[in-house]
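The structure under discussion appears below in the form of structure tokens.
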Amino acid sequence: MHDINFIRKQPQDFDKAMGRRGLTPQSPEILKLDEERRAAQTELQKLQAERNAKKSGGNAQALMDEVTALKNRMDDLASREKTLAESLNQHLASLPNILADDVPDGADEHGNVEVRKHGTPRADKTPEHFEIGEKLGLMDFETAAKMSGARFVILSSGLARLERALAQFMLDTHTQEHGFTEISPPLLVNDQTMFGTGQLPKFAEEQFRTTRGDWLIPTSEVPLTNIVAEMIVEEETLPRRYTAFTPCFRQEAGAAGKDTRGMIRQHQFYKVEMVAITTPETSAAEQERMVGCAETVLKKLGIPYRTIVLCSGDTGFGARKTYDIEVWLPGQGRYREISSVSNCWDFQARRMNARCRAKGAKDTRFVHTLNGSGVAVGRALIAVMENYYDPADDGIVVPDVLRPYMGGLAKIKN
RNA sequence: GGAGACGUGGCCGAGUGGUUGAAGGCGCACGAUUGGAAAUCGUGUAUACGCUAAACCCGUAUCGAGGGUUCGAAUCCCUCCGUCUCCGCCA
């Protein structure tokens, strides 16, 4: 959600910012609505003041009649004000966040810029994860399709446990080493919550909805960030750092035909998420820290990765700046996204009315919110399978850091 | 699922149609008092929007949310959301 005051004062800057997102100037329409709305409000308030003055003047019948006469005009103005306000809010709610100055320009993912690389990819090409998994007999897409359709999978035995081990390992790393508080949040949320983090109104078709009207979370960013919705938190308690391990549900409506094989892109997957709530001053540094937290997970797992900063055309709706971390997949012979770390600035905070206040201060400010995968568990599983694949016996070596979570198991074999 | 009670300011709690943005208390802030503190006394203490260059002032709205009745609603009616109690059911 955008600050109408900013648009009033610096319409050209706002249009320029939206221009980087490939949008035509938005301020003329917005300012027109805003002006009309305020005109209606001002006039309405004048009439209300008039009415109130008569009210305290006495109870004479004549005064009552005069107030009745005001009523029609007031009703008109009130409904006009409401319509204009709704229209204005719809407009503001559907526009993407303003990009940070240091986000590179670019039309699509080709404009993204690599910022660092870690680890050395193995030299050989391995089978893809689904080939390894099916050969082991521990990954079954057919049976999953029978009960649920495309883009679902059944993991069993060693792979099921590996998935659980990965999640445990990530949670322990973030809670014990990175200062995050573990949360077990609701997986079903209401409209307002989805609006707060920006999934609604624009991206409804990407979500699953229950017959009751609840939404299945597409990421635990949604419930974790909304913890502070409608709150005024003391700045001294910031940053708040939350992590959660949850399933995520996505329709993948716009990805028909993409990544149809294997478990790269599923309707349901597990993810360990990190969310931070900060003051406006500290969010930029917090984002760098959060990227580091995600990278630590991959370093410990011993998986080669690169970190890139997304360009203007690839940065998501609610983000001001996003880093993606991509892991090396020797089965595909390329890097694939495993984490996305975004600083949303005050964009989500405005939508969900999340504010902070310095101790003793009178005024409040919107908090800054950040979210990042820490990391996607399903894709981490794939990365482990391919990077730790042993061609000698088609087995998967268990990374050292995961062995305690696997009962000491060193290799997943047939 | 059945029956009932309830939702007022940071908190507790008055208030069933008009001068109530809202008594009283607690808390908090500032001041007085004190060697200092406690106690005591005094003053102040919601948010949003509009107006304004901005601030103050002023205006408007807000008593869970939304709608309705009325000249006028915290107070009456409807819907929804939430909380609590009892019964039933259940992981």
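Every chain in the structure tokens takes a letter, A first, then B, and so on in the order presented; its residues are numbered from 1, and the ligands are numbered from 1 following the presented order.
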Please identify every residue of segment 147-239 of chain A that has at least one atom no farther than 12 Å from an atom of segment 400-414 of chain A, counting only C-alpha atoms, and for each give the shortest atom pair and the distance in Å to one decimal, arranged by chain then increasing number, as CSV.
```
residue,atom,partner,partner_atom,distance
A:Ser156,CA,A:Ile412,CA,11.4
A:Ser157,CA,A:Ile412,CA,9.2
A:Gly158,CA,A:Ile412,CA,5.9
A:Leu159,CA,A:Ile412,CA,7.7
A:Ala160,CA,A:Met406,CA,10.6
A:Arg161,CA,A:Met406,CA,7.0
A:Leu162,CA,A:Met406,CA,7.1
A:Glu163,CA,A:Met406,CA,10.1
A:Arg164,CA,A:Tyr405,CA,8.3
A:Ala165,CA,A:Tyr405,CA,5.1
A:Leu166,CA,A:Leu402,CA,6.8
A:Ala167,CA,A:Tyr405,CA,9.7
A:Gln168,CA,A:Tyr405,CA,7.4
A:Phe169,CA,A:Leu402,CA,6.7
A:Met170,CA,A:Leu402,CA,9.8
A:Leu171,CA,A:Tyr405,CA,12.0
A:Asp172,CA,A:Tyr405,CA,10.8
A:Thr173,CA,A:Val401,CA,10.5
```
For Asp191 of chain A, please output as a list of chain:residue names all residues within 12 Å (counting only C-alpha atoms (C1' of nucleotides); exclusion window: fewer than 3 positions along the same chain). A:Leu188, A:Met194, A:Phe195, A:Gly196, A:Thr197, A:Gly198, A:Gln199, A:Leu200, A:Pro201, A:Phe203, A:Ala204, A:Gln207, A:Arg209, A:Thr210, A:Arg212, A:Gly213, A:Asp214, A:Trp215, A:Leu216, A:Ile217, A:Val222, A:Pro223, A:Asn226, A:Met352
Got a sec: who's within 12 Å of Asp314 of chain A, counting only C-alpha atoms (C1' of nucleotides), leaving out chain neighbours fewer than 4 positions off, as a PyMOL selection string? chain A and resi 20-22+99+103-113+308-310+318-324+340
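Using only C-alpha atoms (C1' of nucleotides), the part of chain B that sits within 9 Å of chain A is made up of G18, U19, A29, G50, C51, G59, U60, C71 and G72 of chain B.
We find atom CA of Val115 of chain A and atom CA of Gly372 of chain A to be spaced 17.0 Å apart.
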Would you give me, as a ChimeraX atom specification, the residues in segment 111-251 of chain A that DSSP reads as helix (DSSP H, G or I)? /A:111,129-136,141-148,157-176,191-197,204-206,221-228,235-237
Pick the closest to U20 of chain B from B:G68, B:G44, B:C57, B:U8: which is it, counting only C-alpha atoms (C1' of nucleotides)?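 Using only C-alpha atoms (C1' of nucleotides), U20 of chain B sits closest to B:U8.
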